[in-house]
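All remarks here apply to the structure that follows.
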Amino acid sequence: MVSLPERNSSRGVRTAAQQSDPYPVVTADAEGVVLSHNEQAAMLLAGIAVGVALAAVAPAWLVEAHLRHVGDEAGKPSACAAGRLGGGRVNALAGPCVNATVTWWLVGVHAPAAAALELARERARAGLLQELSSDLLASVNVERCMEVTARRAARNLADAAVIVGPGDGHGYPVTRCTADGPVVRERVTLDPGQLPGLAEALSGLPAVSSRWIDPRQTPPWAVPDGFADAAADIGSVAVVPLPGHGAPAGCLILLRRREEATFTPGEESFAQLFAARAGAALSIARSHSRQARVTQVLMRDLLPPDLGRVHGICFSARYRASVAGERVGGDFYDLHPADTPEAETVAVLGDVCGKGLEAAVTAGKVRNALKALVPFAADHTRLLTLLNSALLSSEQPPFVTLALATAVREDIRVRLRVSSAGHPAPLVVRTTGRVEEARTHGTLIGAFAGFECETAEVTLEPGETCLLFSDGITEARGGPLGDVMFGEDRLRTVLSQCAGMPPEVITERVQMIVAQWVGEGRHDDMAVLAIGAPHDHRPTTLNEPNRRR
C-alpha cells in the first residue's frame, strides 16, 4: 500500500515518514529541485519550499554532493557529505537514487551528544520524582509533606521554594526554605492577589507562565530569610498549583536569584509534574489528618473513663478488646462519682451483643442512657427497668448484660449494693483469701418487656475488694490445645492469691493471667472493674484519678 504525501500549503509536500523523522529531511530530483521536506528542514534551511532550487536554499557543499550522487553511474546505494550549516557542522546522509530523486538526512555532529545530555537530564528528573514520592509516602503528616516538598523543590528546581496551603478563614499555612537554609513554617494572613498567579493556583486553575510574573511584585512573606535583601534581588518567579484529590492542595512558589537563568518552558513543565506528585501526597495527608481528627472526636465518648480513688473508695479497671489494636469494643465500664462523700458513687460494667466498632457505638448509647438515669440509682430495680424500657423503644434494641454497683464510704468500711442484669455475679475477695459470690441475679436488658432483678448488699473491710467482670474473662479459651475455657474456678484461684492487694494490682493481675491463658488465640472483649476499701484511713473527700488504662 502506497502512502500519499501530505499537502501543507506553508511547508510544501512531505511524506508521512518525513513528518515523523526527528532530523531534517529533504528530497530533490536530478535537476536539484526540491520535491519534499519536513518541518525540521524548513527550520534549518530558510526559504525552502517545493519547487525551489536546492542551490537557492542549501550550502554549496550539499548541492555538489547531491549532483554527484545523482550523476553517479555506478549507482552507489548511499552517499555522505559534511560541511557547515546553520552555525554548526552537519553530516548529510543520502539514500540510493530512485527515479532520479535523492533524499537527504541532515544530522548535526553534536546531535548524539545533545541527545545523551537530554537523556541524562530526563533520567535525573525521573529519579527526582521517584525520590520525592518515596519521601512523601514515608509519612502522612501534613507538615512533614510540606517540608519535604519545599526542601526538594528548593534544591532541585530553584534557589528557594514556598508552599502555600489552602486557607481556612484564619490564614494560610506557609512553608518556605532556601536550598541550604532551615525550613520555616508559619500561618500567614495574606491576600492571594498580591502575587500574580497565586489566586488562580490556590483555586486549582492552570499555572501562569513565569514570563508573566514580575519578580518585583513578590510579597515579603514569600521570600525566605536570607534569600534576598529586597524583591529587586529576585530574578524570576514561578507559581505552580498543587492539584489534590477533588480539591486544590495549595500551590508551589519557586524563586530564583537575579543572576540565575529564568525558567524555561521545559523547566515549568517539569515543575508541574513535581507539583502533581506533591499535591497528591499532601491531599492524602490532609485527608488522613481529617479522618484522624474525626475519629479522635468520636472516640472521646467511647473510650472508658479514668478511674482512681473517689471519696475514699478505690476504683480500678482494665479492658482488652477482641480485635487486636482496637481500644473499644462491646464491653464497657463507667463511673459516676457522687457529689458528696455521704452519697453513693455509681459504677457499672456491661457487655452488649457484638464486637468491634459497631458494638462500641452501641455500648456508647447504653452508657449515655445510664448517665441520664444515675439520679435513680437509689433504686437499682427502677433504674434498670427504665434502662430496659429505653432500649426496647429503639429501632433495633441491643441485648445488654451488666452489673451495677453503688458504693459509699462508712468510716473505714465500704458499703456496696450490687445488682446483676443477666451478667456474671460480682466476686468479693476477703483479706483471708476467701472469694465469695454476691447473691444477685436479674434478667437480660433489651430482650423482654418485663424486668426483674435482686440486689445484694456487700460490706468491704479495709483491704477487701469486689470484682465486676465480663464473660470474656471466664469464657477465654486457652490451654495446651487452646480449647479450654478459663472458667470461674481459675478466676477464683487467681483472686484468692490477690487477697489484701489494692484494686489496681488485682485488675492488672487478672488481665495478665487471662492474657497468658489465651496467648495468640482469638477471644472476646474482656473487662474487669474492682472496687476496694483501702487499708489507710485517708479523708473521704479525696478524689485521685489514676492513669487511663
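Just so we're on the same page: first chain in the C-alpha cells is A, next is B, and so on; residues restart at 1 for each chain, and ligands are numbered from 1 in the order they show up.
Non-sequential neighbours of Cys177 (chain A) (distance at most 10 Å, separation of 3 or more positions within a chain, only C-alpha atoms) are Glu147, Ala150, Arg151, Arg152, Ala153, Ala154, Arg155, Asp159, Ala160, Ala161, Val162, Ile163, Asp180, Gly181, Pro182, Val183, Val184, Arg185, Ala222, Val223, Pro224, Asp225, Gly226 and Phe227 of chain A.
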Env of region 403-413 of chain A: 9 Å cut, atoms = only C-alpha atoms, seq-sep filter 5 positions within chain, self excluded. Answer as a ChimeraX atom specification.
/A:311-313,338,341-350,377-378,380,384,418-426,459-462,468-470,531,533-537,540
Residues of the last selection are to be written out with C-alpha atoms, as a compact mmCIF listing (two decimals), in the first residue's frame.
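Once everything was written out, this is selection-v1.txt:
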# COMPACT_ATOMS: atom_id res chain seq x y z
CA HIS A 311 -14.43 9.80 98.30
CA GLY A 312 -12.07 7.32 99.95
CA ILE A 313 -13.11 4.35 97.77
CA ALA A 338 -21.20 11.15 93.91
CA PRO A 341 -18.99 11.64 100.39
CA GLU A 342 -22.31 10.73 102.01
CA ALA A 343 -23.93 9.90 98.65
CA GLU A 344 -23.39 6.73 96.63
CA THR A 345 -20.92 6.59 93.74
CA VAL A 346 -22.26 4.56 90.82
CA ALA A 347 -20.10 2.04 88.95
CA VAL A 348 -21.23 -0.18 86.09
CA LEU A 349 -19.68 -2.86 83.90
CA GLY A 350 -21.60 -4.22 80.93
CA ALA A 377 -29.55 4.86 91.37
CA ALA A 378 -31.02 4.71 94.88
CA HIS A 380 -31.43 -0.38 91.27
CA LEU A 384 -32.56 -0.95 85.30
CA VAL A 418 -24.73 -4.69 93.61
CA SER A 419 -27.24 -5.84 91.00
CA SER A 420 -26.81 -8.19 88.07
CA ALA A 421 -28.90 -7.97 84.88
CA GLY A 422 -28.14 -11.20 83.04
CA HIS A 423 -24.48 -10.69 83.92
CA PRO A 424 -21.99 -12.83 85.90
CA ALA A 425 -22.38 -12.05 89.60
CA PRO A 426 -19.54 -9.97 91.13
CA THR A 459 -19.64 -4.72 103.13
CA LEU A 460 -15.94 -4.42 102.40
CA GLU A 461 -13.46 -4.25 105.24
CA PRO A 462 -10.12 -2.48 104.68
CA LEU A 468 -17.03 -6.95 88.42
CA PHE A 469 -16.06 -8.83 85.25
CA SER A 470 -17.44 -9.70 81.81
CA ILE A 531 -13.99 -1.65 93.97
CA ALA A 533 -11.78 -0.43 100.67
CA PRO A 534 -8.28 0.99 101.23
CA HIS A 535 -6.08 -0.04 104.15
CA ASP A 536 -5.42 3.56 105.16
CA HIS A 537 -7.89 5.98 106.70
CA THR A 540 -13.24 10.50 102.33
Using only C-alpha atoms, which protein or nucleic acid residues come within 10 Å of Trp105 (chain A)? Drop anything in the same chain fewer than 5 positions from it, and give the result as JSON, numbers by chain.
{"A": [18, 21, 22, 23, 24, 25, 26, 27, 41, 80, 90, 91, 92, 93, 94, 95]}
Write out, as a PDB file, in the first residue's frame, the residues just selected, with N, CA, C and O atoms.
ATOM      1  N   GLN A  18       8.685  11.347   6.517  1.00  0.00           N
ATOM      2  CA  GLN A  18       9.427  12.574   6.756  1.00  0.00           C
ATOM      3  C   GLN A  18       8.823  13.376   7.906  1.00  0.00           C
ATOM      4  O   GLN A  18       9.518  13.994   8.699  1.00  0.00           O
ATOM      5  N   ASP A  21      10.083  12.010  11.164  1.00  0.00           N
ATOM      6  CA  ASP A  21      11.531  11.876  11.304  1.00  0.00           C
ATOM      7  C   ASP A  21      12.064  12.967  12.230  1.00  0.00           C
ATOM      8  O   ASP A  21      11.709  14.143  12.089  1.00  0.00           O
ATOM      9  N   PRO A  22      12.944  12.614  13.183  1.00  0.00           N
ATOM     10  CA  PRO A  22      13.455  13.631  14.114  1.00  0.00           C
ATOM     11  C   PRO A  22      14.501  14.553  13.489  1.00  0.00           C
ATOM     12  O   PRO A  22      14.837  15.582  14.081  1.00  0.00           O
ATOM     13  N   TYR A  23      15.057  14.193  12.305  1.00  0.00           N
ATOM     14  CA  TYR A  23      16.087  15.001  11.668  1.00  0.00           C
ATOM     15  C   TYR A  23      15.512  15.730  10.457  1.00  0.00           C
ATOM     16  O   TYR A  23      14.514  15.307   9.869  1.00  0.00           O
ATOM     17  N   PRO A  24      16.163  16.828  10.026  1.00  0.00           N
ATOM     18  CA  PRO A  24      15.738  17.497   8.791  1.00  0.00           C
ATOM     19  C   PRO A  24      15.907  16.552   7.593  1.00  0.00           C
ATOM     20  O   PRO A  24      16.935  15.899   7.440  1.00  0.00           O
ATOM     21  N   VAL A  25      14.876  16.481   6.751  1.00  0.00           N
ATOM     22  CA  VAL A  25      14.881  15.597   5.585  1.00  0.00           C
ATOM     23  C   VAL A  25      14.469  16.402   4.352  1.00  0.00           C
ATOM     24  O   VAL A  25      13.466  17.134   4.394  1.00  0.00           O
ATOM     25  N   VAL A  26      15.246  16.263   3.260  1.00  0.00           N
ATOM     26  CA  VAL A  26      14.966  16.976   2.001  1.00  0.00           C
ATOM     27  C   VAL A  26      15.062  15.974   0.850  1.00  0.00           C
ATOM     28  O   VAL A  26      16.021  15.185   0.786  1.00  0.00           O
ATOM     29  N   THR A  27      14.086  16.019  -0.038  1.00  0.00           N
ATOM     30  CA  THR A  27      14.116  15.185  -1.241  1.00  0.00           C
ATOM     31  C   THR A  27      14.164  16.100  -2.463  1.00  0.00           C
ATOM     32  O   THR A  27      13.350  17.027  -2.580  1.00  0.00           O
ATOM     33  N   ALA A  41      13.524  20.469   8.366  1.00  0.00           N
ATOM     34  CA  ALA A  41      14.314  21.037   7.270  1.00  0.00           C
ATOM     35  C   ALA A  41      13.947  22.485   7.014  1.00  0.00           C
ATOM     36  O   ALA A  41      14.801  23.318   6.707  1.00  0.00           O
ATOM     37  N   CYS A  80      27.435  10.292   1.428  1.00  0.00           N
ATOM     38  CA  CYS A  80      27.533  11.148   2.600  1.00  0.00           C
ATOM     39  C   CYS A  80      28.394  12.351   2.278  1.00  0.00           C
ATOM     40  O   CYS A  80      29.247  12.309   1.385  1.00  0.00           O
ATOM     41  N   VAL A  90      27.416  19.826  10.019  1.00  0.00           N
ATOM     42  CA  VAL A  90      26.307  18.914   9.736  1.00  0.00           C
ATOM     43  C   VAL A  90      26.799  17.792   8.836  1.00  0.00           C
ATOM     44  O   VAL A  90      27.569  18.024   7.892  1.00  0.00           O
ATOM     45  N   ASN A  91      26.374  16.588   9.134  1.00  0.00           N
ATOM     46  CA  ASN A  91      26.590  15.442   8.267  1.00  0.00           C
ATOM     47  C   ASN A  91      25.347  15.214   7.427  1.00  0.00           C
ATOM     48  O   ASN A  91      24.226  15.158   7.971  1.00  0.00           O
ATOM     49  N   ALA A  92      25.519  15.116   6.108  1.00  0.00           N
ATOM     50  CA  ALA A  92      24.405  14.869   5.199  1.00  0.00           C
ATOM     51  C   ALA A  92      24.489  13.427   4.719  1.00  0.00           C
ATOM     52  O   ALA A  92      25.492  13.019   4.111  1.00  0.00           O
ATOM     53  N   LEU A  93      23.445  12.649   4.945  1.00  0.00           N
ATOM     54  CA  LEU A  93      23.394  11.250   4.570  1.00  0.00           C
ATOM     55  C   LEU A  93      22.302  11.044   3.539  1.00  0.00           C
ATOM     56  O   LEU A  93      21.166  11.474   3.755  1.00  0.00           O
ATOM     57  N   ALA A  94      22.654  10.368   2.424  1.00  0.00           N
ATOM     58  CA  ALA A  94      21.695  10.181   1.336  1.00  0.00           C
ATOM     59  C   ALA A  94      21.445   8.700   1.100  1.00  0.00           C
ATOM     60  O   ALA A  94      22.355   7.867   1.223  1.00  0.00           O
ATOM     61  N   GLY A  95      20.198   8.399   0.728  1.00  0.00           N
ATOM     62  CA  GLY A  95      19.854   7.042   0.342  1.00  0.00           C
ATOM     63  C   GLY A  95      20.121   6.843  -1.143  1.00  0.00           C
ATOM     64  O   GLY A  95      20.671   7.717  -1.829  1.00  0.00           O
TER      65      GLY A  95
END
Please, what distance in Å, to one decimal, runs between CA of Arg492 (chain A) and CA of Val435 (chain A)?
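These two atoms are separated by 6.3 Å.
With CA of His288 (chain A) on one side and CA of Pro243 (chain A) on the other, the separation reads 16.7 Å.
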I need the residues in region 1-197 of chain A that are alpha helix (DSSP H) according to DSSP; give them as a VMD selection string.
chain A and resid 16 to 20 39 to 44 54 to 57 60 to 70 111 to 137 142 to 156
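Closest approach to Arg430 (chain A) from the set A:Arg89, A:Gly532, A:Arg382, A:His69 is made by A:Gly532, with distances taken over only C-alpha atoms.
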Which residue out of A:Glu475, A:Glu64, A:Glu200, A:Glu143 has the minimum interatomic distance to Thr175 (chain A) when only C-alpha atoms are used?
A:Glu143
